[in-house]
$ cat structure-v7.txt   # compact mmCIF, C-alpha atoms
# COMPACT_ATOMS: atom_id res chain seq x y z
CA MET A 1 47.61 133.10 1.47
CA GLY A 2 44.95 135.75 1.02
CA LYS A 3 41.85 135.76 -1.12
CA LEU A 4 40.21 138.82 -2.65
CA TYR A 5 36.52 138.93 -3.51
CA PHE A 6 35.10 141.79 -5.59
CA ILE A 7 31.34 142.42 -5.40
CA THR A 8 29.70 144.94 -7.72
CA GLY A 9 26.19 145.84 -8.79
CA GLY A 10 23.68 148.64 -8.89
CA ALA A 11 22.06 150.50 -6.03
CA ARG A 12 20.07 148.24 -3.70
CA SER A 13 21.15 145.14 -5.62
CA GLY A 14 22.14 143.24 -2.47
CA LYS A 15 25.91 143.82 -2.67
CA SER A 16 26.51 144.46 1.01
CA ALA A 17 24.27 141.65 2.24
CA PHE A 18 26.00 139.18 -0.11
CA ALA A 19 29.45 140.40 0.99
CA GLU A 20 28.47 139.98 4.64
CA LYS A 21 27.19 136.46 3.91
CA LEU A 22 30.54 135.59 2.32
CA ALA A 23 32.33 136.92 5.39
CA ASP A 24 30.02 135.02 7.73
CA GLY A 25 31.28 131.81 6.12
CA CYS A 26 34.85 132.61 7.21
CA ALA A 27 36.36 131.79 10.57
CA GLY A 28 37.84 134.38 12.91
CA LYS A 29 37.43 138.02 13.78
CA ARG A 30 35.91 140.23 11.12
CA ALA A 31 36.69 143.86 10.39
CA TYR A 32 34.21 146.06 8.54
CA ILE A 33 35.68 149.14 6.88
CA ALA A 34 32.96 151.71 6.26
CA THR A 35 33.78 154.56 3.90
CA ALA A 36 30.43 156.35 4.12
CA GLN A 37 30.19 159.63 5.96
CA ALA A 38 27.04 160.63 7.82
CA LEU A 39 26.74 164.02 6.14
CA ASP A 40 22.94 164.13 5.98
CA ALA A 41 19.90 162.46 7.52
CA GLU A 42 19.55 159.91 4.72
CA MET A 43 23.15 158.70 5.12
CA VAL A 44 22.72 158.52 8.90
CA GLU A 45 19.74 156.23 8.32
CA ARG A 46 21.58 154.07 5.75
CA ILE A 47 24.60 153.69 8.03
CA GLU A 48 22.40 152.70 10.95
CA HIS A 49 20.58 150.11 8.79
CA HIS A 50 23.93 148.52 7.85
CA ARG A 51 25.11 148.51 11.48
CA LYS A 52 21.94 146.78 12.68
CA ARG A 53 22.13 144.16 9.93
CA ARG A 54 25.76 143.33 10.79
CA GLY A 55 25.11 142.99 14.49
CA VAL A 56 27.87 142.87 17.09
CA SER A 57 30.07 140.22 15.48
CA TRP A 58 32.06 142.82 13.54
CA ASP A 59 34.69 145.35 14.54
CA THR A 60 33.79 148.46 12.55
CA PHE A 61 36.33 150.98 11.32
CA GLU A 62 34.99 154.18 9.80
CA GLU A 63 37.57 155.55 7.37
CA PRO A 64 36.59 157.77 4.45
CA LEU A 65 40.05 158.34 2.92
CA ALA A 66 43.08 156.39 4.24
CA VAL A 67 41.63 152.96 3.52
CA ASP A 68 44.80 151.49 2.01
CA GLU A 69 46.74 152.35 5.18
CA LEU A 70 44.00 150.88 7.38
CA ILE A 71 43.90 147.62 5.40
CA ARG A 72 47.66 147.26 5.80
CA LYS A 73 47.34 147.85 9.57
CA LEU A 74 44.58 145.24 9.86
CA SER A 75 46.53 142.59 7.95
CA GLY A 76 47.63 139.93 10.43
CA ARG A 77 45.18 141.21 13.06
CA TYR A 78 42.01 140.14 11.25
CA PRO A 79 41.56 137.10 9.03
CA VAL A 80 38.56 138.76 7.30
CA VAL A 81 38.10 142.35 6.16
CA LEU A 82 35.08 143.71 4.31
CA LEU A 83 35.40 147.10 2.60
CA ASP A 84 32.10 148.83 1.85
CA CYS A 85 32.45 150.57 -0.49
CA LEU A 86 34.96 151.54 -3.16
CA THR A 87 32.75 154.11 -4.88
CA LEU A 88 31.98 156.03 -1.68
CA TRP A 89 35.71 156.03 -0.95
CA LEU A 90 36.35 157.27 -4.49
CA SER A 91 33.90 160.16 -4.12
CA ASN A 92 35.64 161.12 -0.87
CA VAL A 93 39.04 161.01 -2.58
CA ILE A 94 37.87 163.08 -5.56
CA ALA A 95 36.46 165.70 -3.18
CA HIS A 96 39.77 165.93 -1.28
CA THR A 97 42.34 165.47 -4.06
CA ASP A 98 43.55 167.88 -6.69
CA GLY A 99 44.46 166.32 -10.00
CA ASP A 100 43.46 163.20 -11.85
CA GLY A 101 46.92 161.69 -11.47
CA LEU A 102 46.60 161.71 -7.67
CA VAL A 103 43.16 160.07 -7.83
CA THR A 104 44.59 157.36 -10.08
CA SER A 105 47.59 156.75 -7.82
CA ARG A 106 45.38 156.60 -4.72
CA SER A 107 43.18 154.06 -6.52
CA ASP A 108 46.22 151.97 -7.46
CA GLU A 109 47.46 152.05 -3.85
CA LEU A 110 44.09 150.86 -2.58
CA VAL A 111 43.89 147.99 -5.06
CA ALA A 112 47.43 146.94 -4.09
CA ALA A 113 46.45 146.94 -0.40
CA LEU A 114 43.37 144.82 -1.17
CA ARG A 115 45.43 142.38 -3.22
CA ASP A 116 48.18 142.12 -0.59
CA PHE A 117 45.90 141.61 2.43
CA GLY A 118 46.94 138.38 4.14
CA GLY A 119 43.46 136.99 4.80
CA VAL A 120 40.07 137.11 3.13
CA CYS A 121 39.35 140.57 1.77
CA ILE A 122 35.93 141.44 0.36
CA ALA A 123 35.52 144.70 -1.56
CA VAL A 124 32.10 146.10 -2.47
CA SER A 125 31.62 148.66 -5.24
CA ASN A 126 28.78 150.20 -7.20
CA GLU A 127 28.53 149.54 -10.92
CA VAL A 128 27.90 153.01 -12.32
CA GLY A 129 28.62 152.47 -16.00
CA LEU A 130 25.38 150.77 -17.07
CA GLY A 131 23.18 153.86 -17.01
CA ILE A 132 22.91 156.98 -19.09
CA VAL A 133 25.84 159.31 -19.63
CA PRO A 134 25.78 161.89 -16.80
CA ASP A 135 24.90 165.43 -17.82
CA ASN A 136 27.75 167.21 -16.03
CA PRO A 137 31.55 167.02 -16.06
CA LEU A 138 31.98 166.09 -12.36
CA ALA A 139 29.54 163.17 -12.61
CA ARG A 140 31.22 161.96 -15.84
CA ARG A 141 34.64 162.24 -14.17
CA PHE A 142 33.39 160.20 -11.19
CA ARG A 143 31.82 157.58 -13.48
CA ASP A 144 35.06 157.24 -15.44
CA PHE A 145 37.21 156.90 -12.32
CA ALA A 146 34.75 154.41 -10.82
CA GLY A 147 34.86 152.32 -13.98
CA MET A 148 38.65 152.24 -13.94
CA LEU A 149 38.80 151.45 -10.21
CA ASN A 150 36.28 148.63 -10.62
CA GLN A 151 38.28 147.18 -13.52
CA LYS A 152 41.48 147.21 -11.48
CA ALA A 153 39.80 145.67 -8.43
CA ALA A 154 38.11 142.97 -10.52
CA GLN A 155 41.39 142.11 -12.25
CA ALA A 156 43.14 141.81 -8.88
CA ALA A 157 40.33 139.70 -7.40
CA ASP A 158 40.36 135.94 -7.12
CA GLU A 159 36.57 135.92 -7.48
CA ALA A 160 34.22 138.61 -8.75
CA TYR A 161 30.43 138.80 -8.56
CA LEU A 162 27.84 141.02 -10.19
CA MET A 163 24.69 141.43 -8.11
CA ALA A 164 21.43 141.66 -10.04
CA SER A 165 18.13 141.91 -8.14
CA GLY A 166 19.65 140.25 -5.08
CA ILE A 167 21.15 137.38 -7.08
CA PRO A 168 24.93 136.99 -7.23
CA VAL A 169 26.27 136.16 -10.68
CA LYS A 170 29.85 134.92 -10.60
CA ILE A 171 31.79 136.73 -13.33
CA LYS A 172 35.27 135.57 -12.37

$ encode --input "structure-v7.txt" --output "structure tokens"
Amino acid sequence: MGKLYFITGGARSGKSAFAEKLADGCAGKRAYIATAQALDAEMVERIEHHRKRRGVSWDTFEEPLAVDELIRKLSGRYPVVLLDCLTLWLSNVIAHTDGDGLVTSRSDELVAALRDFGGVCIAVSNEVGLGIVPDNPLARRFRDFAGMLNQKAAQAADEAYLMASGIPVKIK
């Protein structure tokens, strides 16, 4: 029987570190699914920081788009999978998908894969709905899709946490 954790919070709130700590408490091989792409120097630095913090006890899979397929492939091979993060994946999907209906269906497929994973699955996502309304249509579209994706993932989760200033607050 699997268990899904959903971890959300703002930028630099400690989401990834908390998710990794949860995973460290689980037995067996751990898979880390990274959705970030090293498209500029800042992202290269952020990715390297995450790699160093994780150490060598993880098998890392870098997948910006086909995350649902990867999770299904890893089911049965890994008792623990950590996906970091849903909102980076979403931005990748929006950039490569025409039509809101396709973005919604891709989001639904990912949540189903998370829910159906046979072991412990930990999904990290940014909370983007607590700030000001973005000033442009693309940013508002992203915010709206992220809010809907986070709602779906939280509903599917067995446990959900909101990170605030490095402190996990259990919300489900």

$ residues_around --input "structure-v7.txt" --residues "Gln37 (chain A)" --least-positions-apart "4" --cutoff "9 Å" --atoms "all atoms listed in the file" --output "ChimeraX atom specification"
/A:43-44,47,62-64,88,92

$ atom_distance --input "structure-v7.txt" --atom1 "CA of Gly55 (chain A)" --atom2 "CA of Asp68 (chain A)"
24.8 Å

$ closest_residue --input "structure-v7.txt" --among "A:Ala23, A:Leu65, A:Leu130, A:Val111" --to "Val93 (chain A)" --atoms "only C-alpha atoms"
A:Leu65

$ closest_residue --input "structure-v7.txt" --among "A:Gly101, A:Pro79, A:Gly131, A:Gly118" --to "Ala27 (chain A)" --atoms "all atoms listed in the file"
A:Pro79

$ residues_around --input "structure-v7.txt" --residues "Ala34 (chain A)" --least-positions-apart "2" --cutoff "10 Å" --atoms "all atoms listed in the file" --output "PyMOL selection string"
chain A and resi 31-32+36-37+47+50-51+60-64+67+82-86+88-89

$ atom_distance --input "structure-v7.txt" --atom1 "CA of Arg115 (chain A)" --atom2 "CA of Arg53 (chain A)"
26.8 Å

$ residues_around --input "structure-v7.txt" --residues "Ala19 (chain A)" --least-positions-apart "4" --cutoff "8 Å" --atoms "all atoms listed in the file" --output "ChimeraX atom specification"
/A:7,15,23,82,122-124

$ axis_aligned_box --input "structure-v7.txt" --around "region 49-63 of chain A" --padding-each-side "6 Å" --output "AutoDock Vina command-line options"
--center_x 29.1 --center_y 147.9 --center_z 12.2 --size_x 29.0 --size_y 27.3 --size_z 21.7
